[in-house]
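Peer 1: final-v7.cif is reproduced below (mmCIF, C-alpha atoms).
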data_structure
loop_
_atom_site.label_atom_id
_atom_site.label_comp_id
_atom_site.auth_asym_id
_atom_site.auth_seq_id
_atom_site.Cartn_x
_atom_site.Cartn_y
_atom_site.Cartn_z
CA MET A 20 -35.55 8.13 26.51
CA THR A 21 -37.64 6.54 23.77
CA GLU A 22 -36.68 2.90 23.42
CA PRO A 23 -37.24 1.26 20.02
CA ASP A 24 -40.83 0.92 18.89
CA ALA A 25 -42.10 -2.62 19.58
CA HIS A 26 -42.99 -2.89 15.89
CA GLU A 27 -39.46 -2.13 14.72
CA THR A 28 -37.51 -5.28 13.89
CA ARG A 29 -34.05 -5.97 15.24
CA ALA A 30 -32.60 -5.45 11.74
CA ASP A 31 -34.32 -2.06 11.44
CA THR A 32 -32.85 -0.91 14.75
CA ARG A 33 -29.37 -2.05 13.70
CA THR A 34 -29.77 -0.09 10.47
CA ARG A 35 -30.86 3.03 12.38
CA ILE A 36 -27.87 2.73 14.70
CA LEU A 37 -25.49 2.30 11.76
CA ASP A 38 -26.99 5.24 9.86
CA THR A 39 -26.62 7.46 12.91
CA ALA A 40 -23.07 6.24 13.56
CA ASP A 41 -22.25 7.00 9.89
CA ARG A 42 -23.48 10.53 10.32
CA LEU A 43 -21.68 11.20 13.63
CA PHE A 44 -18.38 9.58 12.51
CA GLY A 45 -18.59 11.72 9.36
CA HIS A 46 -19.20 14.84 11.42
CA TYR A 47 -16.96 14.42 14.48
CA GLY A 48 -14.57 11.66 13.33
CA TYR A 49 -14.37 8.09 14.60
CA GLY A 50 -12.04 8.78 17.51
CA LYS A 51 -14.18 11.57 18.94
CA THR A 52 -17.57 9.83 18.67
CA THR A 53 -18.66 7.66 21.60
CA VAL A 54 -21.38 5.02 21.83
CA ALA A 55 -23.11 7.40 24.30
CA ASP A 56 -23.18 10.10 21.57
CA ILE A 57 -24.79 7.66 19.13
CA ALA A 58 -27.35 6.59 21.75
CA ARG A 59 -28.21 10.20 22.65
CA GLU A 60 -28.72 11.10 18.98
CA LEU A 61 -31.14 8.17 18.64
CA GLY A 62 -32.96 8.94 21.91
CA MET A 63 -31.89 5.54 23.25
CA SER A 64 -29.97 4.46 26.31
CA PRO A 65 -26.34 3.42 25.69
CA ALA A 66 -27.28 0.05 27.21
CA ASN A 67 -29.77 -0.44 24.42
CA VAL A 68 -27.17 0.30 21.73
CA TYR A 69 -24.93 -2.29 23.43
CA ARG A 70 -27.73 -4.87 22.99
CA PHE A 71 -27.06 -4.54 19.25
CA PHE A 72 -23.31 -3.87 19.10
CA ALA A 73 -20.92 -4.95 21.85
CA SER A 74 -18.49 -2.08 21.12
CA LYS A 75 -17.78 0.89 18.89
CA LEU A 76 -15.47 -1.41 16.94
CA GLU A 77 -18.39 -3.75 16.21
CA ILE A 78 -20.24 -0.79 14.73
CA VAL A 79 -17.26 -0.10 12.44
CA GLU A 80 -17.16 -3.76 11.46
CA ALA A 81 -20.85 -3.70 10.53
CA LYS A 82 -20.42 -0.40 8.64
CA CYS A 83 -17.48 -1.86 6.78
CA GLU A 84 -19.38 -5.07 5.94
CA ARG A 85 -22.32 -3.04 4.69
CA MET A 86 -20.13 -0.86 2.49
CA LEU A 87 -18.26 -3.85 1.08
CA ALA A 88 -21.50 -5.78 0.45
CA GLN A 89 -22.74 -2.82 -1.61
CA ARG A 90 -19.48 -2.75 -3.52
CA HIS A 91 -19.69 -6.49 -4.20
CA ALA A 92 -23.25 -6.06 -5.51
CA TYR A 93 -21.92 -3.33 -7.82
CA ASN A 94 -19.14 -5.63 -9.04
CA LEU A 95 -21.61 -8.47 -9.70
CA GLU A 96 -23.56 -6.02 -11.86
CA ILE A 97 -20.40 -5.46 -13.90
CA VAL A 98 -20.07 -9.24 -14.40
CA ALA A 99 -23.75 -9.47 -15.46
CA SER A 100 -23.58 -6.44 -17.75
CA GLY A 101 -22.44 -8.34 -20.87
CA GLY A 102 -19.94 -7.14 -23.43
CA SER A 103 -16.41 -8.44 -23.82
CA ALA A 104 -14.51 -9.74 -20.81
CA ALA A 105 -11.80 -7.12 -21.45
CA ASP A 106 -14.34 -4.29 -21.37
CA ARG A 107 -15.85 -5.55 -18.11
CA LEU A 108 -12.38 -6.00 -16.56
CA ARG A 109 -11.53 -2.41 -17.52
CA ARG A 110 -14.78 -1.25 -15.93
CA PHE A 111 -14.00 -3.25 -12.78
CA PHE A 112 -10.55 -1.62 -12.40
CA ILE A 113 -11.63 1.90 -13.32
CA ASP A 114 -14.91 2.02 -11.36
CA ASN A 115 -13.49 0.48 -8.19
CA HIS A 116 -10.64 2.98 -8.35
CA ARG A 117 -13.03 5.91 -8.74
CA LEU A 118 -15.38 4.72 -5.99
CA ASN A 119 -12.49 4.21 -3.55
CA LEU A 120 -11.04 7.62 -4.38
CA GLU A 121 -14.44 9.19 -3.71
CA ALA A 122 -14.91 7.22 -0.52
CA PHE A 123 -11.52 7.61 1.17
CA VAL A 124 -9.32 10.25 -0.25
CA SER A 125 -11.39 13.40 -0.24
CA ASP A 126 -12.65 12.76 3.29
CA PRO A 127 -10.16 12.40 6.18
CA LYS A 128 -12.97 11.26 8.52
CA THR A 129 -13.84 8.29 6.30
CA TYR A 130 -10.15 7.56 5.84
CA GLU A 131 -9.79 7.35 9.63
CA ILE A 132 -12.54 4.70 9.78
CA VAL A 133 -11.02 2.76 6.90
CA GLU A 134 -7.65 2.76 8.68
CA VAL A 135 -9.32 1.38 11.83
CA ALA A 136 -11.03 -1.28 9.72
CA MET A 137 -7.79 -2.22 7.94
CA ALA A 138 -6.00 -2.60 11.27
CA GLU A 139 -8.77 -4.17 13.37
CA GLU A 140 -11.19 -5.91 11.03
CA TRP A 141 -8.85 -7.75 8.75
CA GLU A 142 -11.29 -10.68 8.34
CA THR A 143 -13.88 -8.38 6.78
CA ILE A 144 -11.25 -6.90 4.44
CA GLN A 145 -9.89 -10.37 3.62
CA ALA A 146 -13.40 -11.61 2.75
CA HIS A 147 -13.75 -8.70 0.36
CA LEU A 148 -10.37 -9.44 -1.28
CA VAL A 149 -11.59 -13.01 -1.88
CA ARG A 150 -14.82 -11.69 -3.45
CA MET A 151 -12.81 -9.29 -5.67
CA THR A 152 -10.78 -12.28 -6.80
CA ASP A 153 -14.03 -14.24 -7.42
CA VAL A 154 -15.26 -11.48 -9.73
CA LEU A 155 -11.93 -11.31 -11.60
CA GLU A 156 -11.88 -15.10 -11.90
CA ALA A 157 -15.41 -15.14 -13.37
CA LEU A 158 -14.49 -12.47 -15.94
CA ILE A 159 -11.21 -14.14 -16.93
CA ALA A 160 -12.97 -17.53 -17.24
CA GLU A 161 -15.57 -15.97 -19.54
CA GLY A 162 -12.79 -14.35 -21.58
CA VAL A 163 -11.03 -17.72 -21.94
CA ALA A 164 -14.28 -19.49 -22.87
CA ALA A 165 -14.99 -16.83 -25.51
CA GLY A 166 -11.47 -17.11 -26.97
CA GLU A 167 -10.64 -13.52 -25.94
CA PHE A 168 -7.82 -14.73 -23.70
CA PRO A 169 -5.69 -17.84 -24.24
CA PRO A 170 -6.10 -20.71 -21.75
CA GLN A 171 -4.52 -19.77 -18.42
CA ALA A 172 -2.37 -22.20 -16.45
CA ASP A 173 -4.65 -21.54 -13.45
CA ILE A 174 -7.49 -19.03 -13.79
CA ARG A 175 -7.76 -18.48 -10.01
CA ARG A 176 -4.07 -17.55 -9.83
CA SER A 177 -4.38 -15.24 -12.85
CA ALA A 178 -7.19 -13.54 -10.95
CA VAL A 179 -5.08 -13.24 -7.77
CA CYS A 180 -2.22 -11.69 -9.78
CA ALA A 181 -4.59 -9.30 -11.57
CA ARG A 182 -6.00 -8.21 -8.21
CA GLN A 183 -2.59 -7.76 -6.65
CA ALA A 184 -1.15 -5.95 -9.72
CA HIS A 185 -3.79 -3.22 -9.40
CA VAL A 186 -3.61 -2.77 -5.61
CA SER A 187 -2.33 0.81 -6.15
CA LEU A 188 -5.76 1.61 -7.61
CA PHE A 189 -7.81 0.52 -4.60
CA HIS A 190 -5.72 0.40 -1.40
CA PRO A 191 -6.54 3.45 0.76
CA THR A 192 -2.94 4.18 1.79
CA LEU A 193 -1.65 3.83 -1.76
CA LEU A 194 -4.46 5.92 -3.21
CA ARG A 195 -3.26 8.77 -1.01
CA GLN A 196 0.46 8.27 -1.67
CA CYS A 197 0.09 7.67 -5.41
CA ALA A 198 -1.33 11.17 -5.79
CA ASP A 199 2.22 12.38 -4.99
CA ASP A 200 3.91 9.95 -7.38
CA ILE A 201 4.95 11.96 -10.44
CA GLU A 202 5.05 8.99 -12.81
CA ARG A 203 2.09 6.93 -11.58
CA ALA A 204 -0.04 4.91 -13.99
CA GLY A 205 -3.72 5.76 -13.80
CA PRO A 206 -6.52 3.17 -13.91
CA GLU A 207 -6.85 3.19 -17.72
CA GLU A 208 -3.15 2.64 -18.30
CA LEU A 209 -2.61 0.06 -15.56
CA SER A 210 -5.68 -1.92 -16.60
CA GLU A 211 -4.33 -2.14 -20.19
CA PHE A 212 -1.04 -3.46 -18.77
CA ILE A 213 -2.89 -6.12 -16.76
CA LEU A 214 -4.96 -7.07 -19.81
CA ARG A 215 -1.70 -7.57 -21.73
CA ALA A 216 -0.67 -10.16 -19.13
CA LEU A 217 -4.01 -11.95 -19.41
CA ARG A 218 -3.79 -12.00 -23.21
CA CYS A 219 -0.30 -13.46 -23.24
CA PRO A 220 -0.17 -17.27 -23.26
CA MET B 7 33.04 16.76 25.67
CA THR B 8 35.38 15.70 22.91
CA GLU B 9 34.59 17.66 19.79
CA PRO B 10 35.49 16.06 16.43
CA ASP B 11 39.15 15.53 15.76
CA ALA B 12 40.53 18.33 13.57
CA HIS B 13 41.72 15.69 11.09
CA GLU B 14 38.26 14.18 10.68
CA THR B 15 36.50 15.46 7.55
CA ARG B 16 32.98 16.82 7.61
CA ALA B 17 31.80 13.75 5.68
CA ASP B 18 33.39 11.43 8.25
CA THR B 19 31.65 13.19 11.12
CA ARG B 20 28.30 12.97 9.31
CA THR B 21 28.88 9.25 8.83
CA ARG B 22 29.70 8.79 12.52
CA ILE B 23 26.55 10.67 13.51
CA LEU B 24 24.42 8.57 11.14
CA ASP B 25 25.95 5.31 12.35
CA THR B 26 25.28 6.24 15.96
CA ALA B 27 21.74 7.39 15.14
CA ASP B 28 21.17 4.04 13.38
CA ARG B 29 22.24 2.17 16.47
CA LEU B 30 20.16 4.26 18.92
CA PHE B 31 17.03 4.28 16.71
CA GLY B 32 17.41 0.49 16.41
CA HIS B 33 17.74 0.13 20.18
CA TYR B 34 15.27 2.69 21.58
CA GLY B 35 13.09 3.45 18.54
CA TYR B 36 12.92 6.67 16.54
CA GLY B 37 10.33 8.41 18.73
CA LYS B 38 12.25 7.82 21.96
CA THR B 39 15.71 8.85 20.72
CA THR B 40 16.65 12.54 20.95
CA VAL B 41 19.44 14.49 19.26
CA ALA B 42 20.88 14.96 22.78
CA ASP B 43 21.06 11.15 23.17
CA ILE B 44 22.95 10.86 19.88
CA ALA B 45 25.34 13.67 20.88
CA ARG B 46 25.98 12.11 24.33
CA GLU B 47 26.75 8.72 22.77
CA LEU B 48 29.31 10.40 20.47
CA GLY B 49 30.83 12.52 23.24
CA MET B 50 29.77 15.68 21.37
CA SER B 51 27.64 18.64 22.32
CA PRO B 52 24.11 18.68 20.84
CA ALA B 53 25.07 22.04 19.25
CA ASN B 54 27.79 20.28 17.31
CA VAL B 55 25.37 17.63 15.99
CA TYR B 56 23.11 20.48 14.89
CA ARG B 57 26.01 21.90 12.81
CA PHE B 58 25.65 18.75 10.68
CA PHE B 59 21.90 18.06 10.83
CA ALA B 60 19.34 20.78 11.52
CA SER B 61 16.86 18.32 13.09
CA LYS B 62 16.23 14.69 13.93
CA LEU B 63 14.16 14.54 10.76
CA GLU B 64 17.22 15.57 8.71
CA ILE B 65 19.07 12.62 10.22
CA VAL B 66 16.25 10.30 9.09
CA GLU B 67 16.36 11.84 5.62
CA ALA B 68 20.11 11.22 5.38
CA LYS B 69 19.71 7.64 6.70
CA CYS B 70 16.96 7.04 4.18
CA GLU B 71 19.05 8.48 1.32
CA ARG B 72 22.00 6.35 2.33
CA MET B 73 19.90 3.17 2.45
CA LEU B 74 18.26 3.91 -0.90
CA ALA B 75 21.61 4.78 -2.54
CA GLN B 76 22.90 1.34 -1.44
CA ARG B 77 19.79 -0.28 -2.87
CA HIS B 78 20.17 1.56 -6.16
CA ALA B 79 23.81 0.41 -6.39
CA TYR B 80 22.56 -3.17 -5.84
CA ASN B 81 19.98 -2.72 -8.60
CA LEU B 82 22.59 -1.36 -11.02
CA GLU B 83 24.62 -4.51 -10.34
CA ILE B 84 21.59 -6.55 -11.43
CA VAL B 85 21.43 -4.56 -14.70
CA ALA B 86 25.17 -5.09 -15.27
CA SER B 87 25.09 -8.79 -14.38
CA GLY B 88 24.26 -10.03 -17.89
CA GLY B 89 21.92 -12.87 -18.78
CA SER B 90 18.48 -12.47 -20.31
CA ALA B 91 16.40 -9.39 -19.54
CA ALA B 92 13.66 -11.64 -18.14
CA ASP B 93 16.08 -13.27 -15.69
CA ARG B 94 17.37 -9.92 -14.51
CA LEU B 95 13.82 -8.55 -14.13
CA ARG B 96 12.92 -11.61 -12.03
CA ARG B 97 16.00 -10.98 -9.89
CA PHE B 98 15.05 -7.32 -9.51
CA PHE B 99 11.53 -8.19 -8.26
CA ILE B 100 12.56 -11.11 -6.05
CA ASP B 101 15.67 -9.55 -4.47
CA ASN B 102 14.07 -6.16 -3.76
CA HIS B 103 11.15 -7.99 -2.15
CA ARG B 104 13.44 -10.05 0.06
CA LEU B 105 15.63 -7.09 1.04
CA ASN B 106 12.59 -4.98 1.98
CA LEU B 107 11.08 -7.84 3.96
CA GLU B 108 14.34 -8.20 5.87
CA ALA B 109 14.65 -4.45 6.40
CA PHE B 110 11.13 -3.53 7.50
CA VAL B 111 8.96 -6.39 8.47
CA SER B 112 10.88 -8.29 11.10
CA ASP B 113 11.90 -5.11 12.90
CA PRO B 114 9.21 -2.73 14.27
CA LYS B 115 11.87 -0.10 15.06
CA THR B 116 13.02 0.12 11.43
CA TYR B 117 9.41 0.08 10.30
CA GLU B 118 8.77 3.13 12.51
CA ILE B 119 11.59 5.02 10.75
CA VAL B 120 10.36 3.96 7.33
CA GLU B 121 6.87 5.20 8.19
CA VAL B 122 8.34 8.56 9.23
CA ALA B 123 10.31 8.70 5.98
CA MET B 124 7.24 7.79 3.88
CA ALA B 125 5.22 10.54 5.54
CA GLU B 126 7.87 13.27 5.87
CA GLU B 127 10.54 12.65 3.24
CA TRP B 128 8.45 11.97 0.20
CA GLU B 129 11.01 13.60 -2.13
CA THR B 130 13.63 11.03 -1.13
CA ILE B 131 11.13 8.19 -1.67
CA GLN B 132 9.97 9.70 -4.97
CA ALA B 133 13.57 9.95 -6.22
CA HIS B 134 13.99 6.25 -5.44
CA LEU B 135 10.78 5.35 -7.30
CA VAL B 136 12.16 7.19 -10.35
CA ARG B 137 15.45 5.27 -10.06
CA MET B 138 13.55 1.95 -9.76
CA THR B 139 11.71 2.90 -12.96
CA ASP B 140 15.06 3.79 -14.61
CA VAL B 141 16.35 0.29 -13.84
CA LEU B 142 13.18 -1.38 -15.13
CA GLU B 143 13.28 0.79 -18.26
CA ALA B 144 16.92 -0.18 -18.96
CA LEU B 145 16.11 -3.89 -18.58
CA ILE B 146 12.97 -3.71 -20.74
CA ALA B 147 14.86 -1.72 -23.42
CA GLU B 148 17.57 -4.41 -23.47
CA GLY B 149 14.90 -7.11 -23.72
CA VAL B 150 13.28 -5.33 -26.66
CA ALA B 151 16.66 -4.78 -28.38
CA ALA B 152 17.47 -8.48 -27.95
CA GLY B 153 14.08 -9.55 -29.33
CA GLU B 154 13.06 -11.08 -25.99
CA PHE B 155 10.12 -8.68 -25.73
CA PRO B 156 8.15 -7.20 -28.63
CA PRO B 157 8.46 -3.44 -29.24
CA GLN B 158 6.59 -1.52 -26.52
CA ALA B 159 4.39 1.46 -27.33
CA ASP B 160 6.44 3.43 -24.75
CA ILE B 161 9.19 1.68 -22.81
CA ARG B 162 9.16 4.25 -19.98
CA ARG B 163 5.44 3.69 -19.44
CA SER B 164 5.88 -0.11 -19.53
CA ALA B 165 8.50 0.38 -16.80
CA VAL B 166 6.15 2.57 -14.73
CA CYS B 167 3.39 -0.07 -15.01
CA ALA B 168 5.81 -2.89 -14.13
CA ARG B 169 6.93 -0.95 -11.06
CA GLN B 170 3.39 -0.15 -9.97
CA ALA B 171 2.13 -3.70 -10.62
CA HIS B 172 4.63 -5.11 -8.12
CA VAL B 173 4.15 -2.47 -5.39
CA SER B 174 2.78 -5.20 -3.07
CA LEU B 175 6.28 -6.72 -3.11
CA PHE B 176 8.14 -3.64 -1.89
CA HIS B 177 5.81 -1.15 -0.13
CA PRO B 178 6.34 -1.39 3.65
CA THR B 179 2.66 -1.18 4.58
CA LEU B 180 1.66 -3.75 1.97
CA LEU B 181 4.49 -6.09 2.90
CA ARG B 182 3.02 -6.24 6.39
CA GLN B 183 -0.62 -6.54 5.31
CA CYS B 184 0.05 -9.05 2.52
CA ALA B 185 1.38 -11.51 5.08
CA ASP B 186 -2.26 -11.81 6.25
CA ASP B 187 -3.68 -12.17 2.73
CA ILE B 188 -4.56 -15.83 2.31
CA GLU B 189 -4.38 -15.79 -1.51
CA ARG B 190 -1.44 -13.43 -2.10
CA ALA B 191 0.94 -13.95 -5.02
CA GLY B 192 4.57 -14.20 -3.96
CA PRO B 193 7.45 -12.55 -5.83
CA GLU B 194 8.08 -15.47 -8.20
CA GLU B 195 4.44 -15.72 -9.26
CA LEU B 196 3.79 -11.98 -9.57
CA SER B 197 7.00 -11.41 -11.53
CA GLU B 198 5.93 -14.09 -14.07
CA PHE B 199 2.59 -12.28 -14.44
CA ILE B 200 4.37 -8.97 -15.08
CA LEU B 201 6.71 -10.66 -17.59
CA ARG B 202 3.62 -11.94 -19.42
CA ALA B 203 2.48 -8.31 -19.85
CA LEU B 204 5.91 -7.27 -21.16
CA ARG B 205 5.97 -10.19 -23.62
CA CYS B 206 2.53 -9.44 -25.03
CA PRO B 207 2.54 -6.99 -27.97
#
What would you get if you wrote out this structure as structure tokens?
Peer 2:
Amino acid sequence: MTEPDAHETRADTRTRILDTADRLFGHYGYGKTTVADIARELGMSPANVYRFFASKLEIVEAKCERMLAQRHAYNLEIVASGGSAADRLRRFFIDNHRLNLEAFVSDPKTYEIVEVAMAEEWETIQAHLVRMTDVLEALIAEGVAAGEFPPQADIRRSAVCARQAHVSLFHPTLLRQCADDIERAGPEELSEFILRALRCP
Amino acid sequence: MTEPDAHETRADTRTRILDTADRLFGHYGYGKTTVADIARELGMSPANVYRFFASKLEIVEAKCERMLAQRHAYNLEIVASGGSAADRLRRFFIDNHRLNLEAFVSDPKTYEIVEVAMAEEWETIQAHLVRMTDVLEALIAEGVAAGEFPPQADIRRSAVCARQAHVSLFHPTLLRQCADDIERAGPEELSEFILRALRCP
């Protein structure tokens, strides 16, 4: 057993554990991977992994937080990218849809982890929903300030409605089911519908 | 064993089987109820139940069709009820939300059956989605004809978008998860947002 190098920081070790967990979950699935498997792969004792994560579920929570932090950084880039508010809102809807499709739908092993996260780590998911709404609120506020959209009765609530109205484009369960829906609206069409609502006084 | 009365029609026997299945699924859950249990409760042989339904799953399909046919009849009443198109659209969104909440959310046993139906009887669900869109299309077309809404580029597609934009109000999984969403839009608020989209040229 090689325990972590004394020069490696606690954050580095956490990252190594998460990277290894990512790989093993992706290979064997979440249900079939144990903390002992992750420890063995890293040449650590299970007890040492438990010094960093109290349970396999805590590893999923950290993985989920890391993935959602990356997504939020991506969404903040959309806000900062300039152009009209409508164009950036379209990009937000279309890109988040595509990234979620790539992440969940093609890969049953990732979908399994996302389902665990949705069921067990609702606070992490909820925090991300709030950040999605923050991004939508910022874009709508800029659109109102620029005269692209009329004043909204309550910009935060417009943002909540815009988020909820496009849930079929980002929710993992719906992404899978919508593929079987013969009349579904894709991200381009649904985002135009949502923009119509934002443009209407 | 008392086999069905010779005077009972085939449709009556099917109805009796479905009613009994409803009661046993509601009491013991779908997973724990067998076709033999349903037959015993009816004083029939299992072989006789199988003359009407080839499997437990066929019973669920018939239950699901029956429930959705009732819902569609309710929705057609909304269309026929008169008043402005906007008022009838609001009623469609709000009443379907309330009826689904009552049907699925309070009762884990019904939710179990709905989950089976969503996974196994997609054609029945899909047919209902098409009928929901038919109702929305009829209401939007009336609103356009009455000058309540501006002409739509494609009324069918406006109806598809309106249906998809309110999926959080009727999808069983989302109805459960949305209860934990601290910023969710309720049926009144989301339906006003969707009406804004329909009113915007």
Peer 1: From the set A:Val98, A:Val186, A:Leu155, A:Ile174, which residue has the shortest atom-to-atom contact distance to chain B, counting all atoms listed in the file?
Peer 2: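 Closest to chain B, using all atoms listed in the file: A:Val186.
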Peer 1: To one decimal place, how far is CA of Gly192 in chain B from CA of Ile113 in chain A in Å?
Peer 2: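 Separation between CA of Gly192 in chain B and CA of Ile113 in chain A: 24.7 Å.
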Peer 1: To one decimal place in Å, what is the distance between CA of Ala66 in chain A and CA of Tyr130 in chain A?
Peer 2: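 These atoms are spaced 28.4 Å apart.
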Peer 1: Go through A:Arg29, A:His185, A:Arg195, A:Lys82 one by one, measure the shortest atom-to-atom distance of each to chain B using all atoms listed in the file, and give the residue with the smallest value.
Peer 2: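 Looking at the shortest contact to chain B, the residue is A:His185.
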Peer 1: What are the residues of chain A that have an atom within 7 Å of an atom of chain B, counting only C-alpha atoms, as a PDB file with C-alpha atoms, keeping the file's coordinate frame?
Peer 2:
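The file below, out-v3.pdb, is the result:
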ATOM      1  CA  GLN A 145      -9.890 -10.370   3.620  1.00  0.00           C
ATOM      2  CA  VAL A 179      -5.080 -13.240  -7.770  1.00  0.00           C
ATOM      3  CA  CYS A 180      -2.220 -11.690  -9.780  1.00  0.00           C
ATOM      4  CA  GLN A 183      -2.590  -7.760  -6.650  1.00  0.00           C
ATOM      5  CA  ALA A 184      -1.150  -5.950  -9.720  1.00  0.00           C
ATOM      6  CA  HIS A 185      -3.790  -3.220  -9.400  1.00  0.00           C
ATOM      7  CA  SER A 187      -2.330   0.810  -6.150  1.00  0.00           C
ATOM      8  CA  ASP A 200       3.910   9.950  -7.380  1.00  0.00           C
ATOM      9  CA  GLU A 202       5.050   8.990 -12.810  1.00  0.00           C
ATOM     10  CA  ARG A 203       2.090   6.930 -11.580  1.00  0.00           C
ATOM     11  CA  ALA A 204      -0.040   4.910 -13.990  1.00  0.00           C
ATOM     12  CA  LEU A 209      -2.610   0.060 -15.560  1.00  0.00           C
ATOM     13  CA  PHE A 212      -1.040  -3.460 -18.770  1.00  0.00           C
ATOM     14  CA  ILE A 213      -2.890  -6.120 -16.760  1.00  0.00           C
ATOM     15  CA  ARG A 215      -1.700  -7.570 -21.730  1.00  0.00           C
ATOM     16  CA  ALA A 216      -0.670 -10.160 -19.130  1.00  0.00           C
ATOM     17  CA  CYS A 219      -0.300 -13.460 -23.240  1.00  0.00           C
TER      18      CYS A 219
END
Peer 1: Could you please determine the separation between CA of Met86 in chain A and CA of Asp41 in chain A in Å, to one decimal place?
Peer 2: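 Between CA of Met86 in chain A and CA of Asp41 in chain A the gap is 11.0 Å.
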Peer 1: Specify as an MDAnalysis selection string each residue included when the PyMOL selection byres ((chain B and resi 141) around 12) is applied to this file.
Peer 2: chainID B and resid 77:86 91 94:95 97:99 134:140 142:148 161:162 164:166 168:169
Peer 1: Output the residue selection produced by the PyMOL selection byres ((chain A and resi 124) around 12) on the file above, formatted as a PyMOL selection string.
Peer 2: chain A and resi 116-123+125-134+188-198
Peer 1: Residues within 6 Å of (16.7, -11.0, -19.7), file coordinates, counting only C-alpha atoms: what are they? Give the list as number ranges by chain.
Peer 2: B: 89-94, 149
Peer 1: Once you add 8 Å to each side, what are the centre and edge lengths of the axis-aligned box holding all listed atoms of range 136-140 of chain A? One decimal in Å, as JSON, if you can.
Peer 2:
{"center_x": -8.6, "center_y": -3.6, "center_z": 10.7, "size_x": 21.2, "size_y": 20.6, "size_z": 21.4}
Peer 1: Step by step, work through what the PyMOL selection byres ((chain B and resi 48) around 12) selects in the shown file, and finish by giving those residues as a list in words.
Peer 2: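 Applied to this file, the PyMOL selection byres ((chain B and resi 48) around 12) selects Met7, Thr8, Glu9, Pro10, Thr19, Arg20, Thr21, Arg22, Ile23, Leu24, Asp25, Thr26, Ala27, Arg29, Leu30, Val41, Ala42, Asp43, Ile44, Ala45, Arg46, Glu47, Gly49, Met50, Ser51, Pro52, Asn54 and Val55 of chain B.
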Peer 1: Let me see the file: selected residues, C-alpha atoms, as a PDB file, keeping the file's coordinate frame.
Peer 2:
ATOM      1  CA  MET B   7      33.040  16.760  25.670  1.00  0.00           C
ATOM      2  CA  THR B   8      35.380  15.700  22.910  1.00  0.00           C
ATOM      3  CA  GLU B   9      34.590  17.660  19.790  1.00  0.00           C
ATOM      4  CA  PRO B  10      35.490  16.060  16.430  1.00  0.00           C
ATOM      5  CA  THR B  19      31.650  13.190  11.120  1.00  0.00           C
ATOM      6  CA  ARG B  20      28.300  12.970   9.310  1.00  0.00           C
ATOM      7  CA  THR B  21      28.880   9.250   8.830  1.00  0.00           C
ATOM      8  CA  ARG B  22      29.700   8.790  12.520  1.00  0.00           C
ATOM      9  CA  ILE B  23      26.550  10.670  13.510  1.00  0.00           C
ATOM     10  CA  LEU B  24      24.420   8.570  11.140  1.00  0.00           C
ATOM     11  CA  ASP B  25      25.950   5.310  12.350  1.00  0.00           C
ATOM     12  CA  THR B  26      25.280   6.240  15.960  1.00  0.00           C
ATOM     13  CA  ALA B  27      21.740   7.390  15.140  1.00  0.00           C
ATOM     14  CA  ARG B  29      22.240   2.170  16.470  1.00  0.00           C
ATOM     15  CA  LEU B  30      20.160   4.260  18.920  1.00  0.00           C
ATOM     16  CA  VAL B  41      19.440  14.490  19.260  1.00  0.00           C
ATOM     17  CA  ALA B  42      20.880  14.960  22.780  1.00  0.00           C
ATOM     18  CA  ASP B  43      21.060  11.150  23.170  1.00  0.00           C
ATOM     19  CA  ILE B  44      22.950  10.860  19.880  1.00  0.00           C
ATOM     20  CA  ALA B  45      25.340  13.670  20.880  1.00  0.00           C
ATOM     21  CA  ARG B  46      25.980  12.110  24.330  1.00  0.00           C
ATOM     22  CA  GLU B  47      26.750   8.720  22.770  1.00  0.00           C
ATOM     23  CA  GLY B  49      30.830  12.520  23.240  1.00  0.00           C
ATOM     24  CA  MET B  50      29.770  15.680  21.370  1.00  0.00           C
ATOM     25  CA  SER B  51      27.640  18.640  22.320  1.00  0.00           C
ATOM     26  CA  PRO B  52      24.110  18.680  20.840  1.00  0.00           C
ATOM     27  CA  ASN B  54      27.790  20.280  17.310  1.00  0.00           C
ATOM     28  CA  VAL B  55      25.370  17.630  15.990  1.00  0.00           C
TER      29      VAL B  55
END
Peer 1: Just so I have it separately, write range 177-194 of chain B from the block I sent, keeping C-alpha atoms, as a PDB file, in the first residue's frame.
Peer 2:
ATOM      1  CA  HIS B 177     -45.377  14.526 -15.378  1.00  0.00           C
ATOM      2  CA  PRO B 178     -45.467  12.138 -12.392  1.00  0.00           C
ATOM      3  CA  THR B 179     -41.724  12.224 -11.703  1.00  0.00           C
ATOM      4  CA  LEU B 180     -41.571  16.012 -11.945  1.00  0.00           C
ATOM      5  CA  LEU B 181     -44.668  16.477  -9.805  1.00  0.00           C
ATOM      6  CA  ARG B 182     -42.830  14.665  -7.033  1.00  0.00           C
ATOM      7  CA  GLN B 183     -39.484  16.414  -7.520  1.00  0.00           C
ATOM      8  CA  CYS B 184     -40.967  19.888  -7.996  1.00  0.00           C
ATOM      9  CA  ALA B 185     -42.414  19.729  -4.506  1.00  0.00           C
ATOM     10  CA  ASP B 186     -38.784  20.021  -3.303  1.00  0.00           C
ATOM     11  CA  ASP B 187     -37.914  22.882  -5.664  1.00  0.00           C
ATOM     12  CA  ILE B 188     -37.816  26.025  -3.550  1.00  0.00           C
ATOM     13  CA  GLU B 189     -38.464  28.413  -6.456  1.00  0.00           C
ATOM     14  CA  ARG B 190     -40.939  26.405  -8.551  1.00  0.00           C
ATOM     15  CA  ALA B 191     -43.720  28.132 -10.494  1.00  0.00           C
ATOM     16  CA  GLY B 192     -47.171  26.797  -9.659  1.00  0.00           C
ATOM     17  CA  PRO B 193     -49.893  26.144 -12.240  1.00  0.00           C
ATOM     18  CA  GLU B 194     -51.362  29.664 -12.132  1.00  0.00           C
TER      19      GLU B 194
END
